[in-house]
$ cat coords.pdb   # PDB, C-alpha atoms
MODEL        1
ATOM      1  CA  MET A 921     290.036 105.844-208.530
ATOM      2  CA  THR A 922     292.685 103.861-206.664
ATOM      3  CA  SER A 923     295.561 104.888-204.419
ATOM      4  CA  THR A 924     299.113 103.751-205.141
ATOM      5  CA  ARG A 925     300.573 104.966-201.843
ATOM      6  CA  SER A 926     301.123 102.665-198.887
ATOM      7  CA  LEU A 927     298.722 103.089-195.990
ATOM      8  CA  ASN A 928     301.145 101.324-193.644
ATOM      9  CA  GLU A 929     303.924 103.905-193.664
ATOM     10  CA  ASP A 930     303.982 107.623-192.991
ATOM     11  CA  ASP A 931     302.739 109.749-195.910
ATOM     12  CA  PRO A 932     305.083 112.656-196.801
ATOM     13  CA  LEU A 933     302.099 114.597-198.213
ATOM     14  CA  ASP A 934     304.523 115.783-200.888
ATOM     15  CA  ASP A 935     301.820 116.202-203.521
ATOM     16  CA  PHE A 936     300.041 118.786-201.344
ATOM     17  CA  ILE A 937     301.014 122.455-201.121
ATOM     18  CA  PRO A 938     301.430 123.438-197.450
ATOM     19  CA  ARG A 939     300.348 126.963-196.518
ATOM     20  CA  GLN A 940     300.382 128.853-193.248
ATOM     21  CA  ILE A 941     297.018 130.607-193.125
ATOM     22  CA  THR A 942     296.155 133.215-190.516
ATOM     23  CA  LEU A 943     292.465 133.888-189.910
ATOM     24  CA  ASP A 944     290.943 135.792-186.999
ATOM     25  CA  GLY A 945     294.467 136.182-185.638
ATOM     26  CA  ILE A 946     295.079 132.400-185.494
ATOM     27  CA  GLU A 947     297.600 130.672-187.751
ATOM     28  CA  LYS A 948     297.264 127.059-188.891
ATOM     29  CA  LYS A 949     298.934 124.949-191.543
ATOM     30  CA  VAL A 950     296.605 123.951-194.373
ATOM     31  CA  TYR A 951     297.440 121.436-197.098
ATOM     32  CA  LEU A 952     296.095 122.255-200.575
ATOM     33  CA  MET A 953     295.785 120.316-203.826
ATOM     34  CA  GLY A 954     293.625 120.186-206.916
ATOM     35  CA  GLN A 955     291.486 122.537-208.969
ATOM     36  CA  GLY A 956     287.830 123.459-208.929
ATOM     37  CA  PRO A 957     285.445 124.494-206.149
ATOM     38  CA  ALA A 958     286.820 124.096-202.635
ATOM     39  CA  VAL A 959     286.160 121.191-200.273
ATOM     40  CA  ILE A 960     287.516 121.399-196.732
ATOM     41  CA  VAL A 961     288.643 117.987-195.470
ATOM     42  CA  MET A 962     288.834 117.980-191.675
ATOM     43  CA  THR A 963     290.901 115.162-190.263
ATOM     44  CA  GLU A 964     289.757 112.575-187.792
ATOM     45  CA  MET A 965     291.641 111.680-184.619
ATOM     46  CA  PRO A 966     294.600 111.333-184.204
ATOM     47  CA  GLY A 967     295.588 113.484-187.215
ATOM     48  CA  ILE A 968     296.154 113.582-190.966
ATOM     49  CA  SER A 969     296.860 109.883-191.483
ATOM     50  CA  PRO A 970     297.660 108.155-194.785
ATOM     51  CA  HIS A 971     293.972 107.122-194.873
ATOM     52  CA  VAL A 972     292.792 110.732-194.491
ATOM     53  CA  ALA A 973     295.252 111.857-197.177
ATOM     54  CA  ARG A 974     293.936 109.115-199.471
ATOM     55  CA  PHE A 975     290.405 110.450-199.039
ATOM     56  CA  ALA A 976     291.609 113.994-199.788
ATOM     57  CA  ARG A 977     293.182 112.739-203.006
ATOM     58  CA  TRP A 978     289.893 111.115-203.983
ATOM     59  CA  VAL A 979     288.207 114.497-203.484
ATOM     60  CA  ARG A 980     290.856 116.125-205.678
ATOM     61  CA  ASP A 981     290.391 113.505-208.378
ATOM     62  CA  ALA A 982     286.650 114.213-208.366
ATOM     63  CA  GLY A 983     287.296 117.790-209.515
ATOM     64  CA  PHE A 984     287.818 119.872-206.379
ATOM     65  CA  THR A 985     290.430 121.973-204.619
ATOM     66  CA  VAL A 986     291.157 120.353-201.264
ATOM     67  CA  TYR A 987     291.859 122.471-198.187
ATOM     68  CA  MET A 988     293.016 120.127-195.402
ATOM     69  CA  PRO A 989     293.845 121.963-192.167
ATOM     70  CA  SER A 990     296.250 120.462-189.635
ATOM     71  CA  LEU A 991     294.221 120.529-186.418
ATOM     72  CA  PHE A 992     296.079 118.033-184.200
ATOM     73  CA  GLY A 993     298.588 115.201-184.332
ATOM     74  CA  ARG A 994     301.623 114.562-186.525
ATOM     75  CA  ASP A 995     300.832 115.236-190.178
ATOM     76  CA  GLY A 996     301.099 112.162-192.405
ATOM     77  CA  ALA A 997     301.725 109.718-189.568
ATOM     78  CA  VAL A 998     300.324 106.188-189.423
ATOM     79  CA  PRO A 999     298.063 106.220-186.325
ATOM     80  CA  GLN A1000     299.966 104.330-183.623
ATOM     81  CA  ALA A1001     298.229 103.412-180.381
ATOM     82  CA  GLU A1002     300.355 105.217-177.778
ATOM     83  CA  GLU A1003     301.059 108.332-179.835
ATOM     84  CA  GLY A1004     297.436 108.544-180.978
ATOM     85  CA  ALA A1005     296.112 108.172-177.436
ATOM     86  CA  ALA A1006     298.358 111.048-176.322
ATOM     87  CA  VAL A1007     297.036 113.286-179.131
ATOM     88  CA  PHE A1008     293.481 112.310-178.189
ATOM     89  CA  LYS A1009     294.037 113.253-174.535
ATOM     90  CA  ARG A1010     295.553 116.628-175.428
ATOM     91  CA  ALA A1011     292.640 117.448-177.735
ATOM     92  CA  CYS A1012     290.151 116.474-175.038
ATOM     93  CA  VAL A1013     291.417 119.236-172.741
ATOM     94  CA  SER A1014     291.969 121.794-175.506
ATOM     95  CA  ALA A1015     289.764 124.869-175.329
ATOM     96  CA  GLU A1016     289.535 124.779-179.145
ATOM     97  CA  PHE A1017     287.402 121.645-179.196
ATOM     98  CA  ARG A1018     285.131 121.520-176.116
ATOM     99  CA  ALA A1019     285.110 117.745-176.182
ATOM    100  CA  PHE A1020     282.642 117.503-173.305
ATOM    101  CA  ALA A1021     280.207 120.306-174.173
ATOM    102  CA  SER A1022     276.861 118.809-175.124
ATOM    103  CA  ASN A1023     275.202 121.920-176.488
ATOM    104  CA  ALA A1024     278.019 124.333-177.240
ATOM    105  CA  SER A1025     279.978 124.713-180.463
ATOM    106  CA  SER A1026     283.749 124.244-180.474
ATOM    107  CA  PRO A1027     285.611 127.580-180.842
ATOM    108  CA  VAL A1028     287.720 126.166-183.702
ATOM    109  CA  THR A1029     284.590 126.204-185.871
ATOM    110  CA  GLN A1030     284.853 130.016-186.058
ATOM    111  CA  TRP A1031     288.289 129.640-187.688
ATOM    112  CA  LEU A1032     286.949 126.942-190.010
ATOM    113  CA  ARG A1033     284.103 129.216-191.126
ATOM    114  CA  ALA A1034     286.690 131.849-191.997
ATOM    115  CA  LEU A1035     288.642 129.196-193.928
ATOM    116  CA  ALA A1036     285.482 128.341-195.889
ATOM    117  CA  ARG A1037     285.038 132.013-196.721
ATOM    118  CA  LEU A1038     288.663 132.309-197.874
ATOM    119  CA  ALA A1039     288.485 129.084-199.891
ATOM    120  CA  HIS A1040     285.390 130.323-201.706
ATOM    121  CA  GLU A1041     287.112 133.621-202.533
ATOM    122  CA  GLU A1042     290.154 131.788-203.875
ATOM    123  CA  CYS A1043     288.415 128.997-205.814
ATOM    124  CA  GLY A1044     285.147 130.559-206.918
ATOM    125  CA  GLY A1045     282.188 128.415-207.879
ATOM    126  CA  PRO A1046     278.799 128.460-206.162
ATOM    127  CA  GLY A1047     280.234 127.682-202.725
ATOM    128  CA  VAL A1048     282.251 125.306-200.590
ATOM    129  CA  GLY A1049     281.863 121.753-199.313
ATOM    130  CA  ALA A1050     283.224 120.304-196.083
ATOM    131  CA  ILE A1051     283.565 116.928-194.431
ATOM    132  CA  GLY A1052     284.244 116.402-190.750
ATOM    133  CA  MET A1053     285.178 113.040-189.253
ATOM    134  CA  CYS A1054     285.253 111.739-185.701
ATOM    135  CA  PHE A1055     286.484 114.607-183.465
ATOM    136  CA  THR A1056     285.694 117.099-186.246
ATOM    137  CA  GLY A1057     282.551 115.285-187.394
ATOM    138  CA  ASN A1058     279.980 117.861-186.436
ATOM    139  CA  PHE A1059     282.112 120.879-187.377
ATOM    140  CA  ALA A1060     280.681 120.854-190.912
ATOM    141  CA  LEU A1061     277.286 121.607-189.364
ATOM    142  CA  SER A1062     278.535 124.639-187.424
ATOM    143  CA  MET A1063     280.229 125.810-190.599
ATOM    144  CA  MET A1064     276.788 126.140-192.207
ATOM    145  CA  MET A1065     276.612 129.485-190.394
ATOM    146  CA  GLU A1066     278.977 130.664-193.155
ATOM    147  CA  PRO A1067     276.916 131.433-196.315
ATOM    148  CA  ALA A1068     279.626 130.015-198.629
ATOM    149  CA  MET A1069     279.119 126.521-197.141
ATOM    150  CA  LEU A1070     276.744 124.526-199.350
ATOM    151  CA  ALA A1071     277.647 120.843-198.911
ATOM    152  CA  PRO A1072     278.180 119.630-195.336
ATOM    153  CA  VAL A1073     279.122 115.993-194.652
ATOM    154  CA  VAL A1074     279.156 114.639-191.106
ATOM    155  CA  CYS A1075     281.090 111.379-190.612
ATOM    156  CA  GLN A1076     280.931 109.534-187.282
ATOM    157  CA  PRO A1077     280.689 112.741-185.174
ATOM    158  CA  SER A1078     282.218 111.801-181.813
ATOM    159  CA  LEU A1079     281.734 114.938-179.709
ATOM    160  CA  PRO A1080     280.673 115.392-177.002
ATOM    161  CA  LEU A1081     282.410 112.369-175.547
ATOM    162  CA  ASP A1082     280.285 112.219-172.378
ATOM    163  CA  ASP A1083     276.767 112.449-173.827
ATOM    164  CA  PRO A1084     275.700 110.035-176.598
ATOM    165  CA  ALA A1085     272.734 112.276-177.442
ATOM    166  CA  GLY A1086     274.723 115.518-177.383
ATOM    167  CA  THR A1087     275.347 117.460-180.582
ATOM    168  CA  ASN A1088     278.321 119.704-179.680
ATOM    169  CA  VAL A1089     276.453 122.442-181.548
ATOM    170  CA  ALA A1090     274.757 125.360-179.839
ATOM    171  CA  ALA A1091     270.950 125.175-179.942
ATOM    172  CA  ASP A1092     270.577 128.556-181.632
ATOM    173  CA  GLU A1093     273.080 127.501-184.297
ATOM    174  CA  LEU A1094     271.192 124.268-184.949
ATOM    175  CA  ALA A1095     267.958 126.222-185.332
ATOM    176  CA  ALA A1096     269.630 128.662-187.718
ATOM    177  CA  VAL A1097     271.141 125.808-189.724
ATOM    178  CA  ARG A1098     267.734 124.145-190.077
ATOM    179  CA  GLN A1099     266.209 127.394-191.299
ATOM    180  CA  ARG A1100     268.973 127.790-193.849
ATOM    181  CA  LEU A1101     268.697 124.188-195.064
ATOM    182  CA  GLU A1102     264.983 124.640-195.650
ATOM    183  CA  ARG A1103     265.254 128.136-197.099
ATOM    184  CA  GLU A1104     267.959 127.209-199.620
ATOM    185  CA  ASP A1105     266.836 123.620-200.273
ATOM    186  CA  LEU A1106     270.084 122.148-198.884
ATOM    187  CA  SER A1107     270.815 118.972-196.944
ATOM    188  CA  VAL A1108     273.367 117.367-194.646
ATOM    189  CA  MET A1109     274.799 113.922-195.393
ATOM    190  CA  ALA A1110     275.734 111.885-192.317
ATOM    191  CA  TYR A1111     277.442 108.502-191.881
ATOM    192  CA  ARG A1112     278.179 106.112-189.023
ATOM    193  CA  PHE A1113     278.573 102.405-188.322
ATOM    194  CA  ASP A1114     275.793 100.758-186.367
ATOM    195  CA  GLY A1115     278.067  99.588-183.547
ATOM    196  CA  ASP A1116     280.277 102.667-183.254
ATOM    197  CA  ARG A1117     281.197 103.225-179.576
ATOM    198  CA  PHE A1118     281.879 106.926-180.098
ATOM    199  CA  CYS A1119     278.961 107.867-182.351
ATOM    200  CA  LYS A1120     275.843 106.075-181.227
ATOM    201  CA  ALA A1121     272.288 106.072-182.560
ATOM    202  CA  GLU A1122     271.253 108.681-179.973
ATOM    203  CA  ARG A1123     273.444 111.317-181.631
ATOM    204  CA  PHE A1124     271.926 110.824-185.070
ATOM    205  CA  ALA A1125     268.478 110.859-183.475
ATOM    206  CA  ALA A1126     269.271 114.222-181.870
ATOM    207  CA  PHE A1127     270.449 115.655-185.178
ATOM    208  CA  SER A1128     267.383 114.276-186.955
ATOM    209  CA  GLN A1129     265.115 115.892-184.385
ATOM    210  CA  ALA A1130     266.928 119.215-184.710
ATOM    211  CA  LEU A1131     267.228 119.298-188.512
ATOM    212  CA  GLY A1132     264.329 117.176-189.730
ATOM    213  CA  GLU A1133     264.406 115.509-193.133
ATOM    214  CA  ARG A1134     267.315 117.703-194.213
ATOM    215  CA  PHE A1135     269.583 115.474-192.107
ATOM    216  CA  VAL A1136     270.158 112.455-194.367
ATOM    217  CA  ALA A1137     271.563 109.632-192.243
ATOM    218  CA  ARG A1138     273.344 106.520-193.483
ATOM    219  CA  VAL A1139     274.042 103.756-190.960
ATOM    220  CA  LEU A1140     276.378 101.028-192.180
ATOM    221  CA  PRO A1141     276.436  97.490-190.734
ATOM    222  CA  ASP A1142     279.435  96.661-188.581
ATOM    223  CA  GLY A1143     280.332  93.842-190.939
ATOM    224  CA  ALA A1144     281.072  96.416-193.658
ATOM    225  CA  ALA A1145     284.065  97.761-191.714
ATOM    226  CA  ASN A1146     287.607  96.872-192.705
ATOM    227  CA  PRO A1147     289.021  94.597-189.965
ATOM    228  CA  ASN A1148     292.615  95.495-190.838
ATOM    229  CA  THR A1149     293.292  98.913-189.347
ATOM    230  CA  PRO A1150     296.260 100.837-187.897
ATOM    231  CA  PRO A1151     297.040 100.239-184.195
ATOM    232  CA  PHE A1152     295.186 103.337-182.927
ATOM    233  CA  PHE A1153     291.931 102.105-184.438
ATOM    234  CA  ALA A1154     292.453  98.493-183.454
ATOM    235  CA  GLN A1155     293.456  99.190-179.849
ATOM    236  CA  VAL A1156     292.031 102.597-178.854
ATOM    237  CA  VAL A1157     288.910 103.030-180.997
ATOM    238  CA  ALA A1158     288.175  99.294-180.866
ATOM    239  CA  SER A1159     284.909  99.406-182.838
ATOM    240  CA  PRO A1160     283.789 100.089-186.420
ATOM    241  CA  HIS A1161     284.160 103.853-186.757
ATOM    242  CA  SER A1162     285.887 105.540-189.703
ATOM    243  CA  VAL A1163     283.540 105.151-192.655
ATOM    244  CA  VAL A1164     285.657 106.670-195.444
ATOM    245  CA  THR A1165     289.166 106.281-194.023
ATOM    246  CA  ALA A1166     290.579 103.550-191.770
ATOM    247  CA  HIS A1167     287.552 101.239-191.923
ATOM    248  CA  LEU A1168     286.862 101.711-195.656
ATOM    249  CA  ILE A1169     287.291  98.637-197.853
ATOM    250  CA  ASP A1170     288.538  99.800-201.244
ATOM    251  CA  GLU A1171     286.775  97.132-203.301
ATOM    252  CA  ALA A1172     283.825  97.317-205.687
ATOM    253  CA  GLY A1173     280.517  96.470-204.054
ATOM    254  CA  GLN A1174     281.631  97.412-200.530
ATOM    255  CA  PRO A1175     279.211  99.639-198.530
ATOM    256  CA  THR A1176     282.041 101.911-197.401
ATOM    257  CA  LEU A1177     283.151 102.515-200.985
ATOM    258  CA  ALA A1178     279.539 103.255-201.907
ATOM    259  CA  ALA A1179     279.475 105.804-199.065
ATOM    260  CA  ARG A1180     282.599 107.454-200.451
ATOM    261  CA  ASP A1181     281.067 107.625-203.917
ATOM    262  CA  GLU A1182     277.846 109.083-202.528
ATOM    263  CA  ILE A1183     279.808 111.796-200.723
ATOM    264  CA  LEU A1184     281.747 112.708-203.871
ATOM    265  CA  ALA A1185     278.477 112.785-205.840
ATOM    266  CA  PHE A1186     276.961 115.045-203.177
ATOM    267  CA  PHE A1187     279.852 117.492-203.521
ATOM    268  CA  ALA A1188     279.446 117.385-207.308
ATOM    269  CA  LEU A1189     275.702 118.029-207.070
ATOM    270  CA  ARG A1190     276.113 121.084-204.846
ATOM    271  CA  LEU A1191     279.360 122.524-206.191
ATOM    272  CA  LEU A1192     279.857 121.383-209.795
ATOM    273  CA  ASP A1193     276.385 120.856-211.256
ATOM    274  CA  ARG A1194     275.284 124.326-210.152
ATOM    275  CA  GLN A1195     278.053 125.827-212.286
ATOM    276  CA  ARG A1196     276.755 124.317-215.505
TER     277      ARG A1196
ENDMDL
END
$ encode --input "coords.pdb" --output "structure tokens"
Amino acid sequence: MTSTRSLNEDDPLDDFIPRQITLDGIEKKVYLMGQGPAVIVMTEMPGISPHVARFARWVRDAGFTVYMPSLFGRDGAVPQAEEGAAVFKRACVSAEFRAFASNASSPVTQWLRALARLAHEECGGPGVGAIGMCFTGNFALSMMMEPAMLAPVVCQPSLPLDDPAGTNVAADELAAVRQRLEREDLSVMAYRFDGDRFCKAERFAAFSQALGERFVARVLPDGAANPNTPPFFAQVVASPHSVVTAHLIDEAGQPTLAARDEILAFFALRLLDRQR
């Protein structure tokens, strides 16, 4: 499972099918590819980079239909420092994301729940998986309020930006998610680097307290992060951060590659094995 596309130049995303999808009166572009049960791949900051597209292709190759919504940034662009910082600042003040709300869910998660519902209707299977990264990291949790969502993955959730122990999920939603996880024997997979400046240990501790043993946390050592990253990650993020994208080392035996494989196996367990 290797990528032949360059990660150092803009990705035309020409193997995806772009669709304009309107849900709850809001239209967004969504990139689709693959066959099988649906997995929603939510991009990290500052947008759908070549690294994010590579991960989406890995999900496709594992037997799934990828739905990758364009939520911010320039689709397919290599994350440059100045452009990425500008996207980051715009998202921080956007009402869609509530970047500084410790215990309130971002409004965009309502649209993403509707997307999960649509994806399940279109692709069938037992349900839908989703992975959020960085700015979208905790959105997969809020999406568990949609019954079709069966396999949530939380990667380096960075919101809220001003409270390391904040969850960016409303307390009543967290309680409802925990009840559902226990009632349906489901779990949440979560990943971060130990020294991540934007997703610290306090956030995982808060999620663990709220969700109990159903929140399965993986903390990777900083030394497992790829040191060769695009300018946005090198200059703006400036710490190990993106577990399955920019900081992944695509070599056998690497902890980040093992994390990717575990995520794909988790999707298979919840979405493919239940079909057999």
$ residues_around --input "coords.pdb" --residues "A:Ala1019" --least-positions-apart "4" --cutoff "9 Å" --atoms "only C-alpha atoms" --output "compact mmCIF listing (two decimals) with C-alpha atoms, in the frame of the given file"
# COMPACT_ATOMS: atom_id res chain seq x y z
CA ALA A 1011 292.64 117.45 -177.74
CA CYS A 1012 290.15 116.47 -175.04
CA VAL A 1013 291.42 119.24 -172.74
CA SER A 1014 291.97 121.79 -175.51
CA ALA A 1015 289.76 124.87 -175.33
CA SER A 1026 283.75 124.24 -180.47
CA PHE A 1055 286.48 114.61 -183.46
CA SER A 1078 282.22 111.80 -181.81
CA LEU A 1079 281.73 114.94 -179.71
CA PRO A 1080 280.67 115.39 -177.00
CA LEU A 1081 282.41 112.37 -175.55
CA ASP A 1082 280.29 112.22 -172.38
CA ASN A 1088 278.32 119.70 -179.68
$ axis_aligned_box --input "coords.pdb" --around "stretch 1056-1063 of chain A" --padding-each-side "4 Å" --output "JSON"
{"center_x": 281.5, "center_y": 120.5, "center_z": -188.6, "size_x": 16.4, "size_y": 18.5, "size_z": 12.7}
$ resolve_selection --input "coords.pdb" --expression "the PyMOL selection byres ((chain A and resi 980) around 12)" --output "ChimeraX atom specification"
/A:921,935-936,952-961,973-979,981-988,1184,1187-1188
$ residues_around --input "coords.pdb" --residues "stretch 1168-1172 of chain A" --least-positions-apart "3" --cutoff "12 Å" --atoms "only C-alpha atoms" --output "PyMOL selection string"
chain A and resi 921-924+927+971-972+974-975+978+1112-1113+1140+1142-1149+1160-1165+1175-1181
$ closest_residue --input "coords.pdb" --among "A:Met1053, A:Ala1085, A:Val998, A:Ala1006" --to "A:Asn1023" --atoms "all atoms listed in the file"
A:Ala1085
$ atom_distance --input "coords.pdb" --atom1 "atom CA of A:Lys1120" --atom2 "atom CA of A:Leu1101"
23.9 Å
$ atom_distance --input "coords.pdb" --atom1 "atom CA of A:Arg1117" --atom2 "atom CA of A:Pro1150"
17.4 Å
$ closest_residue --input "coords.pdb" --among "A:Leu1032, A:Leu1191, A:Pro1027, A:Gln1076" --to "A:Leu1106" --atoms "all atoms listed in the file"
A:Leu1191
$ resolve_selection --input "coords.pdb" --expression "the PyMOL selection byres ((chain A and resi 1052) around 10)" --output "PyMOL selection string"
chain A and resi 960-964+1050-1051+1053-1061+1072-1077+1110
$ atom_distance --input "coords.pdb" --atom1 "atom CA of A:Glu1016" --atom2 "atom CA of A:Val1028"
5.1 Å
$ closest_residue --input "coords.pdb" --among "A:Pro932, A:Gly1044, A:Gly996, A:Gly1049" --to "A:Met1069" --atoms "only C-alpha atoms"
A:Gly1049
$ residues_near_point --input "coords.pdb" --point "(284.0, 128.2, -188.9)" --cutoff "9 Å" --atoms "all atoms listed in the file" --output "tab-separated table (two decimals) with C-alpha atoms, keeping the file's coordinate frame"
chain	number	residue	atom	x	y	z
A	1027	PRO	CA	285.61	127.58	-180.84
A	1028	VAL	CA	287.72	126.17	-183.70
A	1029	THR	CA	284.59	126.20	-185.87
A	1030	GLN	CA	284.85	130.02	-186.06
A	1031	TRP	CA	288.29	129.64	-187.69
A	1032	LEU	CA	286.95	126.94	-190.01
A	1033	ARG	CA	284.10	129.22	-191.13
A	1034	ALA	CA	286.69	131.85	-192.00
A	1035	LEU	CA	288.64	129.20	-193.93
A	1036	ALA	CA	285.48	128.34	-195.89
A	1037	ARG	CA	285.04	132.01	-196.72
A	1059	PHE	CA	282.11	120.88	-187.38
A	1060	ALA	CA	280.68	120.85	-190.91
A	1062	SER	CA	278.54	124.64	-187.42
A	1063	MET	CA	280.23	125.81	-190.60
A	1064	MET	CA	276.79	126.14	-192.21
A	1065	MET	CA	276.61	129.49	-190.39
A	1066	GLU	CA	278.98	130.66	-193.16
$ closest_residue --input "coords.pdb" --among "A:Val1097, A:Gln1155, A:His1167, A:Ala1071" --to "A:Ile1183" --atoms "all atoms listed in the file"
A:Ala1071
$ closest_residue --input "coords.pdb" --among "A:Leu1192, A:Leu933, A:Met965, A:Ile946" --to "A:Val1156" --atoms "all atoms listed in the file"
A:Met965
$ resolve_selection --input "coords.pdb" --expression "the PyMOL selection byres ((chain A and resi 1095) around 12)" --output "ChimeraX atom specification"
/A:1061-1062,1064-1065,1089-1094,1096-1102,1127,1129-1132
$ closest_residue --input "coords.pdb" --among "A:Leu943, A:Ala1185, A:Val1157, A:Leu1070" --to "A:Asp1105" --atoms "all atoms listed in the file"
A:Leu1070
$ decode --input "coords.pdb" --residues "stretch 1080-1096 of chain A" --atoms "N, CA and C atoms" --output "compact mmCIF listing (two decimals), in the first residue's frame"
# COMPACT_ATOMS: atom_id res chain seq x y z
N PRO A 1080 -10.58 22.94 21.82
CA PRO A 1080 -10.40 24.39 21.68
C PRO A 1080 -8.93 24.78 21.82
N LEU A 1081 -8.57 25.87 21.16
CA LEU A 1081 -7.18 26.28 21.13
C LEU A 1081 -6.71 26.90 22.44
N ASP A 1082 -7.65 27.39 23.26
CA ASP A 1082 -7.27 28.13 24.47
C ASP A 1082 -7.41 27.35 25.76
N ASP A 1083 -7.74 26.07 25.68
CA ASP A 1083 -7.93 25.26 26.89
C ASP A 1083 -7.44 23.84 26.63
N PRO A 1084 -6.24 23.49 27.09
CA PRO A 1084 -5.68 22.17 26.82
C PRO A 1084 -6.56 21.01 27.28
N ALA A 1085 -7.40 21.26 28.29
CA ALA A 1085 -8.27 20.21 28.82
C ALA A 1085 -9.68 20.29 28.26
N GLY A 1086 -9.92 21.24 27.35
CA GLY A 1086 -11.24 21.36 26.75
C GLY A 1086 -11.49 20.27 25.72
N THR A 1087 -12.76 19.98 25.47
CA THR A 1087 -13.12 18.92 24.53
C THR A 1087 -13.75 19.41 23.25
N ASN A 1088 -14.28 20.67 23.24
CA ASN A 1088 -14.98 21.20 22.08
C ASN A 1088 -16.22 20.36 21.75
N VAL A 1089 -16.71 19.64 22.75
CA VAL A 1089 -17.94 18.86 22.59
C VAL A 1089 -18.83 19.19 23.78
N ALA A 1090 -20.09 19.46 23.51
CA ALA A 1090 -21.03 19.79 24.57
C ALA A 1090 -21.14 18.64 25.57
N ALA A 1091 -21.28 18.97 26.84
CA ALA A 1091 -21.30 17.96 27.91
C ALA A 1091 -22.43 16.96 27.72
N ASP A 1092 -23.60 17.43 27.30
CA ASP A 1092 -24.72 16.50 27.11
C ASP A 1092 -24.45 15.56 25.94
N GLU A 1093 -23.75 16.05 24.91
CA GLU A 1093 -23.38 15.20 23.79
C GLU A 1093 -22.39 14.13 24.23
N LEU A 1094 -21.39 14.54 25.01
CA LEU A 1094 -20.41 13.56 25.50
C LEU A 1094 -21.08 12.47 26.31
N ALA A 1095 -22.02 12.86 27.16
CA ALA A 1095 -22.74 11.88 27.98
C ALA A 1095 -23.55 10.93 27.09
N ALA A 1096 -24.18 11.49 26.06
CA ALA A 1096 -24.97 10.66 25.15
C ALA A 1096 -24.08 9.73 24.34
